[in-house]
$ cat work08.cif   # mmCIF, C-alpha atoms
data_data
loop_
_atom_site.label_atom_id
_atom_site.label_comp_id
_atom_site.auth_asym_id
_atom_site.auth_seq_id
_atom_site.Cartn_x
_atom_site.Cartn_y
_atom_site.Cartn_z
CA MET A 23 0.00 0.00 0.00
CA SER A 24 1.23 3.50 -0.76
CA SER A 25 0.60 4.71 2.77
CA GLU A 26 -0.34 3.12 6.05
CA ASN A 27 -3.92 4.42 5.91
CA ALA A 28 -4.54 3.88 2.19
CA TRP A 29 -7.38 1.54 1.28
CA PRO A 30 -6.12 -1.17 -1.09
CA ARG A 31 -7.47 -2.02 -4.50
CA VAL A 32 -9.78 -5.00 -4.04
CA ILE A 33 -11.52 -7.43 -6.38
CA ASP A 34 -14.08 -9.47 -4.46
CA MET A 35 -14.36 -12.82 -6.23
CA ARG A 36 -17.57 -13.93 -4.49
CA CYS A 37 -20.14 -11.22 -3.78
CA ARG A 38 -23.89 -11.65 -4.28
CA PRO A 39 -26.87 -9.39 -3.45
CA ALA A 40 -29.53 -10.58 -1.04
CA TYR A 41 -32.21 -9.92 -3.67
CA LEU A 42 -30.74 -12.60 -5.93
CA HIS A 43 -32.30 -15.54 -4.02
CA ASP A 44 -34.00 -16.48 -0.75
CA PHE A 45 -30.84 -18.39 0.18
CA PHE A 46 -29.07 -15.02 0.40
CA GLY A 47 -31.70 -13.46 2.68
CA LYS A 48 -34.02 -12.00 0.04
CA THR A 49 -37.27 -12.47 1.96
CA PRO A 50 -37.81 -10.99 5.44
CA GLY A 51 -38.49 -13.62 8.08
CA SER A 52 -37.80 -16.51 5.72
CA GLU A 53 -35.76 -19.65 6.33
CA GLY A 54 -33.21 -18.22 3.90
CA GLU A 55 -32.74 -15.11 6.02
CA ALA A 56 -32.26 -17.29 9.11
CA VAL A 57 -29.60 -19.34 7.30
CA ALA A 58 -27.83 -16.18 6.10
CA ARG A 59 -27.78 -14.81 9.65
CA TRP A 60 -26.52 -18.14 11.00
CA LEU A 61 -23.70 -18.29 8.46
CA ASN A 62 -22.69 -14.73 9.30
CA ARG A 63 -22.37 -15.62 12.96
CA ARG A 64 -20.58 -18.86 12.15
CA VAL A 65 -17.84 -17.21 10.07
CA GLY A 66 -17.10 -14.33 12.41
CA THR A 67 -19.26 -11.39 11.39
CA ARG A 68 -18.95 -8.57 13.89
CA GLY A 69 -22.01 -6.48 14.62
CA ASP A 70 -25.36 -6.97 12.93
CA ASP A 71 -25.80 -10.45 11.48
CA GLY A 72 -28.49 -9.00 9.20
CA HIS A 73 -26.20 -6.38 7.62
CA PHE A 74 -27.02 -7.81 4.19
CA ILE A 75 -30.66 -6.65 4.35
CA ARG A 76 -29.61 -3.43 2.67
CA SER A 77 -28.82 -5.40 -0.49
CA ARG A 78 -32.40 -6.51 -0.96
CA THR A 79 -32.56 -3.81 -3.64
CA PRO A 80 -30.19 -3.21 -6.58
CA ALA A 81 -29.35 0.26 -5.30
CA GLY A 82 -28.62 -1.10 -1.85
CA PHE A 83 -26.28 -3.75 -3.22
CA LEU A 84 -24.35 -1.20 -5.27
CA SER A 85 -24.01 0.96 -2.16
CA GLU A 86 -22.63 -2.04 -0.26
CA VAL A 87 -20.06 -2.68 -3.01
CA ARG A 88 -18.99 0.95 -3.20
CA GLU A 89 -18.88 1.58 0.53
CA GLY A 90 -17.04 -1.70 0.96
CA GLY A 91 -14.23 -0.15 -1.05
CA LEU A 92 -14.28 -2.67 -3.89
CA SER A 93 -12.80 -2.01 -7.30
CA ARG A 94 -14.82 -4.92 -8.69
CA ALA A 95 -17.30 -7.45 -7.30
CA VAL A 96 -17.91 -10.83 -8.96
CA VAL A 97 -21.55 -11.99 -8.93
CA VAL A 98 -21.70 -15.75 -9.40
CA GLY A 99 -24.51 -17.78 -10.95
CA ARG A 100 -25.46 -21.31 -9.95
CA TYR A 101 -27.09 -24.27 -11.63
CA THR A 102 -27.78 -27.17 -9.30
CA PRO A 103 -30.79 -29.38 -8.60
CA SER A 104 -31.65 -27.22 -5.58
CA GLN A 105 -30.79 -23.73 -6.82
CA HIS A 106 -30.81 -22.12 -10.25
CA LEU A 107 -29.58 -18.55 -10.72
CA PRO A 108 -30.06 -18.04 -14.48
CA ASN A 109 -27.31 -16.51 -16.56
CA ASP A 110 -29.69 -13.87 -17.86
CA THR A 111 -30.39 -12.82 -14.28
CA ILE A 112 -26.68 -12.48 -13.55
CA HIS A 113 -26.29 -10.47 -16.75
CA GLU A 114 -29.11 -8.12 -15.73
CA ILE A 115 -27.51 -7.52 -12.34
CA VAL A 116 -24.08 -6.60 -13.67
CA ARG A 117 -25.10 -4.87 -16.93
CA GLY A 118 -24.16 -1.21 -17.01
CA HIS A 119 -22.17 -1.30 -13.78
CA ARG A 120 -18.42 -1.15 -14.28
CA GLU A 121 -17.72 -2.41 -10.77
CA LEU A 122 -19.76 -5.61 -11.24
CA ILE A 123 -18.58 -8.73 -13.09
CA GLY A 124 -20.79 -11.73 -13.77
CA VAL A 125 -19.98 -15.43 -13.84
CA GLY A 126 -22.42 -17.82 -15.49
CA ALA A 127 -23.30 -21.40 -14.60
CA VAL A 128 -24.36 -24.62 -16.31
CA ASP A 129 -25.00 -28.23 -15.31
CA PRO A 130 -24.37 -30.68 -18.16
CA VAL A 131 -26.09 -33.47 -16.23
CA LEU A 132 -29.34 -31.56 -15.66
CA GLN A 133 -29.34 -29.75 -19.00
CA GLY A 134 -27.72 -32.36 -21.18
CA GLN A 135 -24.29 -31.90 -22.72
CA ASP A 136 -25.31 -30.09 -25.91
CA ALA A 137 -27.64 -27.66 -24.15
CA ALA A 138 -25.09 -26.93 -21.42
CA LEU A 139 -22.33 -26.24 -23.94
CA ALA A 140 -24.58 -23.98 -25.99
CA GLU A 141 -25.62 -22.07 -22.88
CA ALA A 142 -22.04 -21.74 -21.62
CA GLU A 143 -20.95 -20.33 -24.97
CA ARG A 144 -23.92 -17.95 -25.04
CA ALA A 145 -23.15 -16.79 -21.50
CA VAL A 146 -19.59 -15.90 -22.45
CA ARG A 147 -19.91 -14.70 -26.05
CA GLN A 148 -23.32 -12.98 -25.96
CA LEU A 149 -23.87 -12.04 -22.33
CA GLY A 150 -20.23 -11.17 -21.68
CA LEU A 151 -19.96 -13.21 -18.49
CA ALA A 152 -16.43 -13.82 -17.31
CA GLY A 153 -16.47 -17.58 -16.81
CA ILE A 154 -18.58 -20.62 -15.99
CA ASP A 155 -19.43 -22.06 -12.58
CA LEU A 156 -19.80 -25.84 -12.08
CA GLU A 157 -20.86 -27.57 -8.87
CA PRO A 158 -20.11 -31.30 -9.18
CA GLY A 159 -20.51 -32.09 -5.48
CA PHE A 160 -23.97 -30.50 -5.43
CA GLY A 161 -25.26 -32.60 -8.31
CA SER A 162 -27.81 -35.37 -8.19
CA PRO A 163 -26.10 -37.70 -7.73
CA PRO A 164 -23.01 -35.85 -6.48
CA ARG A 165 -19.87 -36.15 -8.57
CA HIS A 166 -16.19 -35.35 -8.33
CA ALA A 167 -14.54 -32.62 -10.38
CA ASP A 168 -12.98 -35.17 -12.73
CA ASP A 169 -16.28 -36.81 -13.68
CA PRO A 170 -16.36 -37.17 -17.50
CA ALA A 171 -19.68 -35.29 -17.60
CA TYR A 172 -17.81 -32.03 -17.04
CA PHE A 173 -14.91 -32.52 -19.44
CA PRO A 174 -16.69 -30.99 -22.47
CA VAL A 175 -17.35 -27.84 -20.41
CA TYR A 176 -13.70 -27.69 -19.36
CA GLU A 177 -12.65 -28.06 -22.97
CA LEU A 178 -15.01 -25.30 -24.10
CA CYS A 179 -13.86 -22.87 -21.42
CA GLN A 180 -10.23 -23.60 -22.26
CA SER A 181 -10.95 -22.79 -25.91
CA LEU A 182 -12.86 -19.63 -24.94
CA GLN A 183 -9.98 -18.66 -22.64
CA VAL A 184 -12.24 -18.07 -19.63
CA PRO A 185 -11.93 -19.64 -16.17
CA VAL A 186 -14.00 -22.46 -14.77
CA PHE A 187 -15.22 -21.84 -11.23
CA LEU A 188 -15.80 -24.86 -9.00
CA MET A 189 -17.90 -24.85 -5.85
CA THR A 190 -16.29 -26.78 -3.00
CA GLY A 191 -16.30 -26.69 0.78
CA PRO A 192 -18.14 -28.00 3.84
CA THR A 193 -21.62 -27.13 2.58
CA THR A 194 -21.25 -29.90 -0.03
CA PRO A 195 -24.23 -32.19 0.75
CA ASP A 196 -22.05 -35.31 0.84
CA LEU A 197 -18.68 -34.32 2.29
CA ARG A 198 -16.96 -37.24 0.57
CA TYR A 199 -17.20 -35.11 -2.58
CA ASN A 200 -15.35 -32.18 -1.00
CA ASP A 201 -12.13 -33.85 -2.10
CA PRO A 202 -9.51 -31.85 -4.04
CA ALA A 203 -7.57 -34.91 -5.22
CA PRO A 204 -9.68 -35.53 -8.38
CA LEU A 205 -9.02 -31.93 -9.41
CA ALA A 206 -5.45 -32.91 -10.27
CA ARG A 207 -6.61 -34.90 -13.30
CA VAL A 208 -8.61 -31.93 -14.56
CA ALA A 209 -5.68 -29.54 -14.13
CA GLN A 210 -3.36 -31.98 -15.89
CA THR A 211 -5.76 -32.68 -18.77
CA PHE A 212 -6.49 -28.98 -19.40
CA PRO A 213 -3.22 -27.17 -18.70
CA GLN A 214 -4.37 -23.92 -20.36
CA LEU A 215 -7.60 -23.80 -18.35
CA SER A 216 -7.71 -21.51 -15.30
CA ILE A 217 -9.54 -23.36 -12.53
CA VAL A 218 -10.87 -21.28 -9.64
CA CYS A 219 -12.02 -23.12 -6.52
CA TYR A 220 -14.52 -21.29 -4.34
CA HIS A 221 -14.28 -22.02 -0.61
CA GLY A 222 -10.78 -23.41 -1.29
CA TRP A 223 -11.87 -27.00 -0.46
CA TRP A 224 -11.94 -26.04 3.26
CA PRO A 225 -11.41 -27.81 5.62
CA ASN A 226 -9.17 -29.91 3.34
CA VAL A 227 -6.71 -27.05 3.10
CA GLN A 228 -3.44 -28.97 2.98
CA GLN A 229 -4.71 -31.31 0.27
CA ALA A 230 -5.89 -28.37 -1.84
CA LEU A 231 -2.54 -26.66 -1.39
CA GLY A 232 -0.88 -29.83 -2.60
CA VAL A 233 -2.87 -29.80 -5.83
CA ALA A 234 -2.18 -26.07 -6.33
CA PHE A 235 1.54 -26.65 -5.66
CA ARG A 236 1.65 -29.16 -8.49
CA TYR A 237 -0.62 -27.35 -10.96
CA GLU A 238 -0.21 -23.62 -11.47
CA ASN A 239 -3.53 -23.34 -13.30
CA VAL A 240 -5.36 -24.08 -10.03
CA HIS A 241 -6.48 -20.99 -8.09
CA LEU A 242 -8.01 -21.02 -4.61
CA VAL A 243 -10.57 -18.57 -3.23
CA PRO A 244 -11.02 -19.45 0.45
CA ASP A 245 -13.50 -16.53 0.80
CA MET A 246 -15.26 -16.74 4.21
CA TYR A 247 -13.19 -19.76 5.23
CA LEU A 248 -10.03 -17.67 5.10
CA PHE A 249 -11.04 -16.60 8.60
CA GLN A 250 -11.56 -20.10 9.99
CA PRO A 251 -9.15 -22.58 11.62
CA GLY A 252 -6.56 -23.72 9.11
CA HIS A 253 -6.13 -20.30 7.51
CA THR A 254 -2.47 -20.06 8.52
CA ALA A 255 -1.59 -22.64 5.86
CA TRP A 256 -3.09 -20.40 3.17
CA VAL A 257 -1.13 -17.45 4.51
CA GLN A 258 2.13 -19.39 4.57
CA ALA A 259 1.52 -20.69 1.07
CA ALA A 260 0.64 -17.24 -0.30
CA ASN A 261 3.84 -15.86 1.20
CA SER A 262 5.77 -18.55 -0.68
CA PHE A 263 4.74 -20.67 -3.69
CA LEU A 264 1.01 -19.77 -3.86
CA GLY A 265 1.53 -16.02 -4.25
CA GLU A 266 -0.11 -15.90 -7.69
CA GLN A 267 -2.81 -18.54 -7.09
CA LEU A 268 -4.76 -17.24 -4.07
CA LEU A 269 -7.64 -14.78 -4.50
CA PHE A 270 -9.87 -12.82 -2.14
CA GLY A 271 -13.61 -13.21 -1.68
CA SER A 272 -15.88 -11.86 1.03
CA SER A 273 -18.72 -14.35 0.46
CA TYR A 274 -21.14 -11.45 0.89
CA PRO A 275 -23.96 -11.60 1.98
CA PHE A 276 -22.59 -14.20 4.39
CA ARG A 277 -19.84 -11.87 5.62
CA PRO A 278 -19.52 -8.06 5.53
CA ILE A 279 -17.37 -6.80 2.67
CA ARG A 280 -15.32 -4.16 4.43
CA GLN A 281 -14.78 -6.28 7.54
CA SER A 282 -13.51 -9.12 5.38
CA VAL A 283 -10.94 -6.88 3.67
CA GLU A 284 -9.79 -5.54 7.03
CA ASP A 285 -9.58 -9.04 8.51
CA ALA A 286 -7.55 -10.29 5.54
CA GLN A 287 -5.06 -7.48 6.06
CA ALA A 288 -4.49 -8.65 9.63
CA LEU A 289 -3.75 -12.33 8.92
CA GLY A 290 -0.01 -12.05 8.29
CA PHE A 291 0.27 -11.85 4.53
CA SER A 292 3.38 -10.08 3.29
CA ASP A 293 2.70 -6.74 1.60
CA ALA A 294 3.43 -8.24 -1.82
CA ALA A 295 1.24 -11.31 -1.19
CA LEU A 296 -1.59 -9.13 0.09
CA GLU A 297 -1.61 -6.98 -3.05
CA ARG A 298 -1.71 -10.11 -5.19
CA LEU A 299 -4.44 -11.67 -3.04
CA LEU A 300 -6.70 -8.63 -2.98
CA TYR A 301 -6.32 -7.43 -6.56
CA ASP A 302 -3.49 -8.45 -8.87
CA ASN A 303 -4.26 -12.15 -9.24
CA ALA A 304 -7.94 -11.59 -9.95
CA ALA A 305 -7.20 -8.74 -12.36
CA ARG A 306 -4.88 -11.00 -14.34
CA LEU A 307 -7.33 -13.92 -14.29
CA LEU A 308 -10.29 -11.77 -15.36
CA LYS A 309 -8.22 -9.71 -17.84
CA ILE A 310 -9.00 -6.41 -16.15
CA PRO A 311 -6.79 -3.63 -17.54
CA ASP A 312 -4.63 -1.85 -15.00
#
$ encode --input "work08.cif" --output "structure tokens"
Amino acid sequence: MSSENAWPRVIDMRCRPAYLHDFFGKTPGSEGEAVARWLNRRVGTRGDDGHFIRSRTPAGFLSEVREGGLSRAVVVGRYTPSQHLPNDTIHEIVRGHRELIGVGAVDPVLQGQDAALAEAERAVRQLGLAGIDLEPGFGSPPRHADDPAYFPVYELCQSLQVPVFLMTGPTTPDLRYNDPAPLARVAQTFPQLSIVCYHGWWPNVQQALGVAFRYENVHLVPDMYLFQPGHTAWVQAANSFLGEQLLFGSSYPFRPIRQSVEDAQALGFSDAALERLLYDNAARLLKIPD
């Protein structure tokens, strides 16, 4: 940072408005709001566990992004048996707002391979979304990242030169599928594909670091789990070999944006690693001009 009190440049790789879905606290008094409040308490939110209520409107969400000090915020779509956030919806949210970037989603099992590939290409080429989200462990039945069903999507994204985003972590319905080991085959098979892993496979941090050590096209976004037990391994890795493969995410609305940036600054990252974590790595991955 240029001075001790300067706010850093920040790209938030996982930031969604409450109005996007009940799961994010869209509806007052709903089960979704209760879950969002619970998650906020669970991952260390200080103050009001309903801070996200402001983002129940588009204007409120933009205010949260701007007051959170973000240069960019990545709004991620989903396509799973239990939750579908359509690519057109993501496009509508980010359209016309320089600080917002959208990521689309497909599920080749639910949609069928041809339909999923066509939709992924449309999301990138026509809607201008920055990549494609896949959630193998949330499928029905759940699958690992190296399941052949996903290989055509990996191949397409590699050819389009956009990242694939994988959902991982302890909210995976069957925790046996929160296993980073199968990711190695994907990274090896598609060496020009940037693979971004939301939740960083927590709590399997060491195993995920092992895959990222071996394959430089694997990127980890611990987001809200960066502030949970096991985070010191991420910090140590970022200060050494993982400096260009770790990215920041607040997981908003499940954690306040500004608090998450401040907390990340206090974890022990070197100045150089912190700049890469908060901005440089994401800017390179998303091809954001300096």
$ residues_around --input "work08.cif" --residues "segment 295-310 of chain A" --least-positions-apart "2" --cutoff "6 Å" --atoms "all atoms listed in the file" --output "list of chain:residue names"
A:Arg31, A:Val32, A:Ile33, A:Asn261, A:Gly265, A:Glu266, A:Leu268, A:Leu269, A:Phe270, A:Phe291, A:Ser292, A:Asp293
$ resolve_selection --input "work08.cif" --expression "the PyMOL selection byres ((chain A and resi 135-142) around 9)" --output "PyMOL selection string"
chain A and resi 109+126-134+143-147+153-154+171-172+174-175+178-179
$ closest_atom_pairs --input "work08.cif" --of "segment 38-116 of chain A" --to "segment 188-191 of chain A" --cutoff "12 Å" --atoms "only C-alpha atoms" --output "Markdown table"
| residue | atom | partner | partner_atom | distance |
| --- | --- | --- | --- | --- |
| A:Val98 | CA | A:Met189 | CA | 10.5 |
| A:Gly99 | CA | A:Met189 | CA | 10.9 |
| A:Arg100 | CA | A:Met189 | CA | 9.3 |
| A:Tyr101 | CA | A:Met189 | CA | 10.9 |
| A:Thr102 | CA | A:Met189 | CA | 10.7 |
$ resolve_selection --input "work08.cif" --expression "the PyMOL selection byres ((chain A and resi 221) around 7)" --output "list in words"
Met189, Thr190, Gly191, Cys219, Tyr220, Gly222, Trp223, Trp224, Val243, Pro244, Asp245 and Tyr247 of chain A
$ atom_distance --input "work08.cif" --atom1 "atom CA of Pro213 of chain A" --atom2 "atom CA of Phe235 of chain A"
13.9 Å
$ axis_aligned_box --input "work08.cif" --around "segment 77-91 of chain A" --padding-each-side "5 Å" --output "lines of an AutoDock Vina configuration file"
center_x = -23.4
center_y = -2.5
center_z = -2.8
size_x = 28.3
size_y = 18.1
size_z = 17.5
$ atom_distance --input "work08.cif" --atom1 "atom CA of Pro202 of chain A" --atom2 "atom CA of Ala230 of chain A"
5.5 Å
$ closest_residue --input "work08.cif" --among "A:Pro204, A:Phe263, A:Met246, A:Met35" --to "Glu121 of chain A" --atoms "only C-alpha atoms"
A:Met35
$ resolve_selection --input "work08.cif" --expression "the PyMOL selection byres ((chain A and resi 251) around 12)" --output "ChimeraX atom specification"
/A:65-66,224-227,244,246-250,252-257,289
$ closest_residue --input "work08.cif" --among "A:Gln210, A:Gly91, A:Ala28, A:Arg36" --to "Gln281 of chain A" --atoms "all atoms listed in the file"
A:Gly91
$ atom_distance --input "work08.cif" --atom1 "atom CA of Leu156 of chain A" --atom2 "atom CA of Phe187 of chain A"
6.1 Å
$ residues_near_point --input "work08.cif" --point "(0.5, -28.7, -11.5)" --cutoff "12 Å" --atoms "only C-alpha atoms" --output "PyMOL selection string"
chain A and resi 203+205-217+230-241+263-264+267
$ residues_around --input "work08.cif" --residues "Arg63 of chain A" --least-positions-apart "5" --cutoff "9 Å" --atoms "only C-alpha atoms" --output "ChimeraX atom specification"
/A:58,68,71,276-277
